[in-house]
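A.B. asks: Coordinates in entry34.tsv, TSV, C-alpha atoms, are listed below.
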```
chain	number	residue	atom	x	y	z
A	1	MET	CA	0.00	0.00	0.00
A	2	ILE	CA	1.48	3.35	-1.08
A	3	PRO	CA	-0.12	6.52	0.37
A	4	LEU	CA	-0.31	9.48	-2.01
A	5	ARG	CA	-2.10	12.21	-0.06
A	6	ASP	CA	-4.56	12.85	2.76
A	7	ASP	CA	-7.64	15.04	2.91
A	8	VAL	CA	-6.83	17.16	5.98
A	9	PRO	CA	-6.09	20.80	5.11
A	10	SER	CA	-3.18	22.46	6.88
A	11	ARG	CA	-3.94	25.97	8.10
A	12	THR	CA	-0.33	27.03	8.60
A	13	PHE	CA	2.69	26.78	6.32
A	14	PRO	CA	4.69	23.72	7.50
A	15	PHE	CA	8.13	25.25	7.07
A	16	VAL	CA	9.71	23.01	9.74
A	17	ASN	CA	8.47	19.87	7.99
A	18	TYR	CA	9.73	21.16	4.65
A	19	ALA	CA	13.07	22.09	6.21
A	20	ILE	CA	13.45	18.57	7.63
A	21	ILE	CA	12.70	17.08	4.21
A	22	ALA	CA	15.18	19.42	2.52
A	23	LEU	CA	17.88	18.61	5.07
A	24	ASN	CA	17.40	14.88	4.48
A	25	PHE	CA	17.96	15.41	0.76
A	26	LEU	CA	21.00	17.63	1.32
A	27	VAL	CA	22.63	15.06	3.61
A	28	PHE	CA	21.90	12.30	1.10
A	29	PHE	CA	23.48	14.30	-1.73
A	30	GLY	CA	26.51	14.70	0.53
A	31	GLU	CA	26.61	10.93	0.98
A	32	LEU	CA	26.61	10.43	-2.78
A	33	GLY	CA	29.80	12.46	-3.01
A	34	MET	CA	31.69	10.35	-0.48
A	35	GLY	CA	32.26	7.38	-2.74
A	36	ALA	CA	34.32	4.64	-1.11
A	37	ASP	CA	34.45	6.56	2.18
A	38	LEU	CA	30.68	6.33	2.72
A	39	GLU	CA	30.67	3.05	4.67
A	40	ARG	CA	33.42	4.35	6.95
A	41	PHE	CA	31.37	7.50	7.51
A	42	PHE	CA	28.32	5.44	8.49
A	43	TYR	CA	30.29	3.58	11.14
A	44	LYS	CA	31.82	6.79	12.42
A	45	ALA	CA	28.66	8.93	12.54
A	46	ALA	CA	25.65	6.59	12.86
A	47	VAL	CA	24.44	4.58	15.86
A	48	VAL	CA	25.96	1.10	16.20
A	49	PRO	CA	23.81	-0.71	18.83
A	50	VAL	CA	26.54	-2.93	20.27
A	51	VAL	CA	28.50	0.13	21.38
A	52	TYR	CA	25.67	1.32	23.63
A	53	ALA	CA	24.15	-1.99	24.73
A	54	GLY	CA	25.75	-2.09	28.17
A	55	ARG	CA	28.12	-4.59	29.75
A	56	ASP	CA	27.73	-8.05	28.17
A	57	HIS	CA	24.77	-6.62	26.24
A	58	VAL	CA	22.66	-6.62	29.43
A	59	PHE	CA	21.02	-3.34	30.35
A	60	GLU	CA	21.85	-2.59	33.95
A	61	LEU	CA	20.23	0.57	35.27
A	62	ARG	CA	23.55	2.37	35.77
A	63	ASP	CA	24.82	1.49	32.31
A	64	LEU	CA	21.51	2.43	30.71
A	65	ALA	CA	21.43	5.83	32.41
A	66	ALA	CA	25.01	6.51	31.31
A	67	SER	CA	24.18	5.63	27.71
A	68	VAL	CA	21.02	7.75	27.63
A	69	LEU	CA	22.98	10.77	28.86
A	70	ASP	CA	25.96	10.11	26.60
A	71	SER	CA	26.61	13.21	24.47
A	72	GLU	CA	28.24	11.19	21.69
A	73	LEU	CA	25.15	9.01	21.39
A	74	ARG	CA	22.90	12.08	21.15
A	75	THR	CA	25.08	13.42	18.35
A	76	ARG	CA	25.05	10.09	16.53
A	77	VAL	CA	21.25	9.81	16.86
A	78	LEU	CA	20.83	13.29	15.40
A	79	LEU	CA	23.11	12.53	12.48
A	80	SER	CA	21.54	9.11	11.91
A	81	MET	CA	18.08	10.65	11.56
A	82	PHE	CA	19.18	12.49	8.41
A	83	MET	CA	21.20	9.74	6.70
A	84	HIS	CA	19.82	7.12	4.32
A	85	GLY	CA	21.12	3.99	2.67
A	86	GLY	CA	19.73	4.56	-0.83
A	87	TRP	CA	17.23	6.38	-3.02
A	88	MET	CA	14.28	4.12	-2.19
A	89	HIS	CA	15.02	4.40	1.52
A	90	LEU	CA	15.05	8.20	1.27
A	91	LEU	CA	12.07	8.66	-1.05
A	92	GLY	CA	9.84	6.25	0.89
A	93	ASN	CA	10.53	8.05	4.14
A	94	MET	CA	10.08	11.52	2.67
A	95	LEU	CA	6.77	10.55	1.04
A	96	TYR	CA	5.28	9.65	4.43
A	97	LEU	CA	6.72	12.78	6.05
A	98	TRP	CA	5.39	14.98	3.24
A	99	ILE	CA	1.86	13.58	3.53
A	100	PHE	CA	1.44	13.42	7.31
A	101	GLY	CA	4.00	15.77	8.84
A	102	ASP	CA	2.37	19.06	7.85
A	103	ASN	CA	-0.82	18.30	9.77
A	104	VAL	CA	1.05	17.28	12.91
A	105	GLU	CA	3.10	20.48	12.72
A	106	ASP	CA	-0.16	22.40	12.25
A	107	ARG	CA	-1.52	21.00	15.52
A	108	CYS	CA	1.69	21.25	17.54
A	109	GLY	CA	3.12	24.53	16.33
A	110	HIS	CA	6.45	24.86	14.58
A	111	PHE	CA	8.94	24.70	17.47
A	112	ARG	CA	6.97	22.05	19.37
A	113	TYR	CA	6.84	19.92	16.25
A	114	LEU	CA	10.61	20.09	15.80
A	115	VAL	CA	11.23	18.99	19.40
A	116	PHE	CA	8.57	16.27	19.07
A	117	TYR	CA	10.17	14.94	15.88
A	118	LEU	CA	13.66	14.75	17.39
A	119	LEU	CA	12.43	13.06	20.58
A	120	CYS	CA	10.57	10.43	18.56
A	121	GLY	CA	13.78	9.74	16.65
A	122	TYR	CA	15.68	9.34	19.91
A	123	ALA	CA	13.04	6.96	21.31
A	124	ALA	CA	13.11	4.98	18.07
A	125	THR	CA	16.88	4.55	18.33
A	126	TRP	CA	16.53	3.05	21.80
A	127	GLY	CA	13.78	0.76	20.55
A	128	HIS	CA	16.27	-0.60	18.05
A	129	ILE	CA	19.12	-0.88	20.55
A	130	PHE	CA	16.95	-2.81	23.01
A	131	SER	CA	15.69	-5.18	20.31
A	132	ASP	CA	19.09	-5.94	18.75
A	133	PRO	CA	21.84	-5.05	21.27
A	134	THR	CA	24.52	-7.18	19.60
A	135	SER	CA	24.14	-5.58	16.18
A	136	ARG	CA	27.29	-4.12	14.66
A	137	VAL	CA	25.41	-2.64	11.71
A	138	PRO	CA	25.03	1.16	11.71
A	139	SER	CA	21.43	2.26	12.25
A	140	LEU	CA	20.39	5.18	10.07
A	141	GLY	CA	17.33	6.76	8.50
A	142	ALA	CA	14.45	9.05	9.37
A	143	SER	CA	11.86	6.26	9.61
A	144	GLY	CA	11.90	6.06	13.41
A	145	ALA	CA	11.12	9.76	13.81
A	146	ILE	CA	8.57	9.58	10.99
A	147	ALA	CA	6.91	6.65	12.75
A	148	GLY	CA	6.40	9.05	15.66
A	149	VAL	CA	4.72	11.48	13.26
A	150	LEU	CA	2.40	8.67	12.10
A	151	GLY	CA	1.54	7.84	15.72
A	152	ALA	CA	0.67	11.48	16.31
A	153	TYR	CA	-1.38	11.71	13.11
A	154	ILE	CA	-3.48	8.63	13.87
A	155	THR	CA	-4.22	10.13	17.30
A	156	LEU	CA	-5.12	13.60	16.02
A	157	TYR	CA	-6.92	12.66	12.79
A	158	PRO	CA	-8.29	9.10	13.06
A	159	ARG	CA	-11.23	9.96	10.80
A	160	ALA	CA	-9.14	11.50	8.05
A	161	ARG	CA	-8.89	9.69	4.75
A	162	VAL	CA	-5.83	8.73	2.76
A	163	VAL	CA	-5.67	8.21	-0.99
A	164	ALA	CA	-3.43	5.20	-1.57
A	165	LEU	CA	-2.36	2.76	-4.26
A	166	VAL	CA	-3.49	-0.67	-3.08
A	167	PRO	CA	-2.15	-3.86	-4.72
A	168	ILE	CA	-4.97	-6.19	-5.79
A	169	ILE	CA	-3.55	-9.39	-7.29
A	170	PHE	CA	-1.69	-8.07	-10.39
A	171	TYR	CA	-3.11	-4.55	-10.37
A	172	MET	CA	-2.74	-1.35	-8.35
A	173	GLU	CA	-6.07	0.19	-7.38
A	174	LEU	CA	-6.44	3.82	-6.32
A	175	MET	CA	-8.56	3.85	-3.16
A	176	GLN	CA	-9.53	6.26	-0.41
A	177	LEU	CA	-9.19	4.65	3.03
A	178	PRO	CA	-9.46	5.80	6.65
A	179	ALA	CA	-6.17	6.98	8.11
A	180	ILE	CA	-6.73	4.79	11.15
A	181	PHE	CA	-6.81	1.75	8.84
A	182	VAL	CA	-3.80	2.74	6.68
A	183	LEU	CA	-1.53	3.75	9.55
A	184	GLY	CA	-2.86	1.13	11.95
A	185	LEU	CA	-2.10	-1.58	9.40
A	186	TRP	CA	1.37	-0.11	8.88
A	187	ALA	CA	2.07	-0.18	12.64
A	188	LEU	CA	0.79	-3.74	12.96
A	189	GLN	CA	3.07	-4.85	10.11
A	190	GLN	CA	6.10	-3.27	11.79
A	191	PHE	CA	5.36	-5.11	15.02
A	192	ILE	CA	4.77	-8.48	13.33
A	193	PHE	CA	7.90	-8.18	11.20
A	194	GLY	CA	9.85	-7.08	14.26
A	195	VAL	CA	8.76	-10.05	16.36
A	196	THR	CA	9.44	-12.40	13.45
A	197	SER	CA	12.91	-10.91	12.92
A	198	LEU	CA	13.94	-11.76	16.49
A	199	ALA	CA	14.13	-15.41	15.47
A	200	GLY	CA	16.11	-14.70	12.31
A	201	PRO	CA	19.89	-14.71	11.98
A	202	GLN	CA	20.08	-11.28	10.39
A	203	GLY	CA	18.01	-9.37	12.94
A	204	GLY	CA	15.37	-8.36	10.43
A	205	GLY	CA	17.32	-8.33	7.19
A	206	GLY	CA	18.72	-4.86	7.75
A	207	VAL	CA	15.42	-3.22	8.71
A	208	ALA	CA	15.18	-1.77	12.22
A	209	TRP	CA	11.58	-2.84	12.80
A	210	PHE	CA	11.57	-1.99	16.49
A	211	ALA	CA	12.85	1.49	15.74
A	212	HIS	CA	9.59	1.94	13.86
A	213	VAL	CA	7.59	0.43	16.72
A	214	GLY	CA	9.40	2.52	19.33
A	215	GLY	CA	8.96	5.72	17.34
A	216	PHE	CA	5.27	5.02	16.74
A	217	ILE	CA	4.60	4.41	20.44
A	218	ALA	CA	6.56	7.54	21.33
A	219	GLY	CA	4.41	9.53	18.91
A	220	LEU	CA	1.19	8.15	20.40
A	221	VAL	CA	2.30	9.27	23.85
A	222	LEU	CA	4.22	12.49	23.20
A	223	VAL	CA	1.58	14.07	20.97
A	224	HIS	CA	-0.57	14.62	24.06
A	225	VAL	CA	2.25	16.68	25.53
A	226	PHE	CA	3.21	18.62	22.41
A	227	LYS	CA	-0.13	19.39	20.75
A	228	SER	CA	-0.97	23.03	21.28
A	229	ARG	CA	-4.27	24.31	22.62
A	230	LYS	CA	-3.80	27.39	20.43
A	231	HIS	CA	-3.99	25.23	17.31
A	232	GLN	CA	-7.19	23.34	18.01
A	233	PRO	CA	-9.17	22.34	14.89
A	234	PRO	CA	-12.97	22.57	14.70
A	235	PRO	CA	-14.81	19.77	16.53
A	236	ARG	CA	-13.97	16.61	14.62
A	237	ASP	CA	-17.56	15.59	13.87
A	238	ALA	CA	-18.45	19.08	12.66
A	239	TRP	CA	-15.36	19.22	10.46
A	240	TRP	CA	-16.12	15.79	9.05
A	241	GLU	CA	-19.74	16.59	8.21
A	242	ASP	CA	-18.84	19.95	6.69
A	243	HIS	CA	-15.99	18.51	4.66
A	244	TYR	CA	-18.01	15.68	3.17
A	245	ARG	CA	-21.49	17.22	3.01
A	246	GLY	CA	-22.93	16.43	-0.39
A	247	ARG	CA	-19.88	14.45	-1.53
A	248	ARG	CA	-19.70	10.79	-2.44
A	249	VAL	CA	-16.50	9.24	-1.25
A	250	ARG	CA	-15.21	6.00	-2.67
A	251	GLY	CA	-13.85	3.53	-0.17
A	252	TRP	CA	-14.50	3.12	3.51
```
Give the structure from the file, written as structure tokens.

C.D. replies:
Amino acid sequence: MIPLRDDVPSRTFPFVNYAIIALNFLVFFGELGMGADLERFFYKAAVVPVVYAGRDHVFELRDLAASVLDSELRTRVLLSMFMHGGWMHLLGNMLYLWIFGDNVEDRCGHFRYLVFYLLCGYAATWGHIFSDPTSRVPSLGASGAIAGVLGAYITLYPRARVVALVPIIFYMELMQLPAIFVLGLWALQQFIFGVTSLAGPQGGGGVAWFAHVGGFIAGLVLVHVFKSRKHQPPPRDAWWEDHYRGRRVRGW
């Protein structure tokens, strides 16, 4: 399922969301210019779980607290959130952020949204470290933070609708589906794949499933702290009825 757009209008210009997207592209273009040094850069700048997993990869409270407060880890998390392993990795992440991030920024306010986004990325990193503490593979990508945005969106706009390309046997059908179904199904898939990956030898085939799960849960929780009372939308039922009055909507 590939989302293309949603139907929730944004009342403010989402310049923070656009700036995050632009920065992701700029960092990726920088990666393209590194050539043979790129892999070395990933190991030097991204988060490698085994480094922060604690003594014997067991999380004792003292070791965990030290890692959480570690300034180098914070720097690596920040850098990791803007690095990607390829064009598909980048474009897939930015598509989701483009569609859903503007509305979350609209409800939180610009500065609150930026802090919310970074905290979700940090929580996602720890979700990955906990799930695969022996991994020596650099963890990178914006998907953990974006998962937090999806968790916030499904909380704020559960009755919104998303236009998506849905595979049906050998065809792709354009359908309009409830956001709670599209994003809920996405979250369920991340959890199932994550649990399944725990039994595999590769820890998920290179995908940090529990970073997605951790970011999504962080978004569900943190949005209640970061949403602004000054940016309240009209009552949801009134908005829904006004938006769809007299319209026939295909799908659910």

A.B. asks: Would you mind reading off the distance between atom CA of Ile99 of chain A and atom CA of Ile169 of chain A, one decimal, in Å?

C.D. replies: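 Separation between atom CA of Ile99 of chain A and atom CA of Ile169 of chain A: 26.0 Å.
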
A.B. asks: Using all atoms listed in the file, find the one residue out of A:Val27, A:Val149, A:Ile168, A:Leu32 that sits nearest to Leu118 of chain A.

C.D. replies: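 Using all atoms listed in the file, the shortest distance to Leu118 of chain A belongs to A:Val149.
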
A.B. asks: In Å, how far is it from atom CA of Cys108 of chain A to atom CA of Leu73 of chain A?

C.D. replies: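 Answer for the atom CA of Cys108 of chain A to atom CA of Leu73 of chain A separation: 26.7 Å.
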
A.B. asks: Pick from A:Ala19, A:Val166, A:Ile146, A:Ile192: nearest to Val104 of chain A, with only C-alpha atoms counted?

C.D. replies: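 Nearest candidate to Val104 of chain A out of A:Ala19, A:Val166, A:Ile146, A:Ile192: A:Ile146.
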
A.B. asks: Would you please work out which residue, of A:Phe191, A:Val48, A:Phe181, A:Cys120, is nearest to Pro133 of chain A when using only C-alpha atoms?

C.D. replies: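 Of the candidates, the smallest distance to Pro133 of chain A is held by A:Val48.
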
A.B. asks: So which residues are close to (6.9, 0.1, 19.8), meaning at most 10 Å away in the file's coordinates with only C-alpha atoms counted, and can you show them as a PDB file with C-alpha atoms, in the coordinates of the input?

C.D. replies:
```pdb
ATOM      1  CA  ALA A 123      13.040   6.960  21.310  1.00  0.00           C
ATOM      2  CA  ALA A 124      13.110   4.980  18.070  1.00  0.00           C
ATOM      3  CA  GLY A 127      13.780   0.760  20.550  1.00  0.00           C
ATOM      4  CA  HIS A 128      16.270  -0.600  18.050  1.00  0.00           C
ATOM      5  CA  ALA A 147       6.910   6.650  12.750  1.00  0.00           C
ATOM      6  CA  GLY A 148       6.400   9.050  15.660  1.00  0.00           C
ATOM      7  CA  ALA A 187       2.070  -0.180  12.640  1.00  0.00           C
ATOM      8  CA  LEU A 188       0.790  -3.740  12.960  1.00  0.00           C
ATOM      9  CA  GLN A 190       6.100  -3.270  11.790  1.00  0.00           C
ATOM     10  CA  PHE A 191       5.360  -5.110  15.020  1.00  0.00           C
ATOM     11  CA  GLY A 194       9.850  -7.080  14.260  1.00  0.00           C
ATOM     12  CA  TRP A 209      11.580  -2.840  12.800  1.00  0.00           C
ATOM     13  CA  PHE A 210      11.570  -1.990  16.490  1.00  0.00           C
ATOM     14  CA  ALA A 211      12.850   1.490  15.740  1.00  0.00           C
ATOM     15  CA  HIS A 212       9.590   1.940  13.860  1.00  0.00           C
ATOM     16  CA  VAL A 213       7.590   0.430  16.720  1.00  0.00           C
ATOM     17  CA  GLY A 214       9.400   2.520  19.330  1.00  0.00           C
ATOM     18  CA  GLY A 215       8.960   5.720  17.340  1.00  0.00           C
ATOM     19  CA  PHE A 216       5.270   5.020  16.740  1.00  0.00           C
ATOM     20  CA  ILE A 217       4.600   4.410  20.440  1.00  0.00           C
ATOM     21  CA  ALA A 218       6.560   7.540  21.330  1.00  0.00           C
ATOM     22  CA  GLY A 219       4.410   9.530  18.910  1.00  0.00           C
ATOM     23  CA  LEU A 220       1.190   8.150  20.400  1.00  0.00           C
TER      24      LEU A 220
END
```

A.B. asks: Rounded to one decimal, what separation in Å do you get between atom CA of Trp186 of chain A and atom CA of His84 of chain A?

C.D. replies: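 Computing the Euclidean distance for atom CA of Trp186 of chain A and atom CA of His84 of chain A yields 20.3 Å.
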
A.B. asks: Could you list as a PyMOL selection string every residue that has an atom within 8 Å of (5.0, 13.5, 10.5), using the file's coordinates and counting all atoms listed in the file?

C.D. replies: chain A and resi 17+96-105+117+145-150+152-153

A.B. asks: Tell me which protein, DNA and RNA residues are within 6 Å of segment 136-139 of chain A, counting all atoms listed in the file, leaving out same-chain ones fewer than 3 positions away, and put them as a list in words.

C.D. replies: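 Listed by chain and then number, they are Tyr43, Ala46, Val47, Val48 and Val50 of chain A.
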
A.B. asks: Could you write out as JSON the box around segment 179-183 of chain A (axis-aligned, all atoms listed in the file, 6 Å on each side), with centre and edge lengths in Å to one decimal?

C.D. replies:
```
{"center_x": -4.2, "center_y": 4.4, "center_z": 8.9, "size_x": 17.3, "size_y": 17.2, "size_z": 16.5}
```

A.B. asks: Determine the nearest neighbour of Gly85 of chain A from the options A:Asp7, A:Glu39, A:Asp132, A:Glu173, counting only C-alpha atoms.

C.D. replies: A:Glu39

A.B. asks: Pick from A:Gly184, A:Pro167, A:Pro158, A:Gly86: nearest to Val8 of chain A, with all atoms listed in the file counted?

C.D. replies: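 Of A:Gly184, A:Pro167, A:Pro158, A:Gly86, the one nearest Val8 of chain A, counting all atoms listed in the file, is A:Pro158.
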
A.B. asks: Determine, counting only C-alpha atoms, which protein, DNA and RNA residues have an atom within 9 Å of an atom of Met83 of chain A; residues of the same chain fewer than 6 positions away are not included. Present the result as an MDAnalysis selection string.

C.D. replies: chainID A and resid 24:25 27:28 31 42 46 90 140:142

A.B. asks: May I ask which of the residues A:Ala45, A:Ala36, A:Ile21, A:Leu114 is the closest one to Phe226 of chain A, counting only C-alpha atoms?

C.D. replies: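 Closest to Phe226 of chain A of all the choices is A:Leu114.
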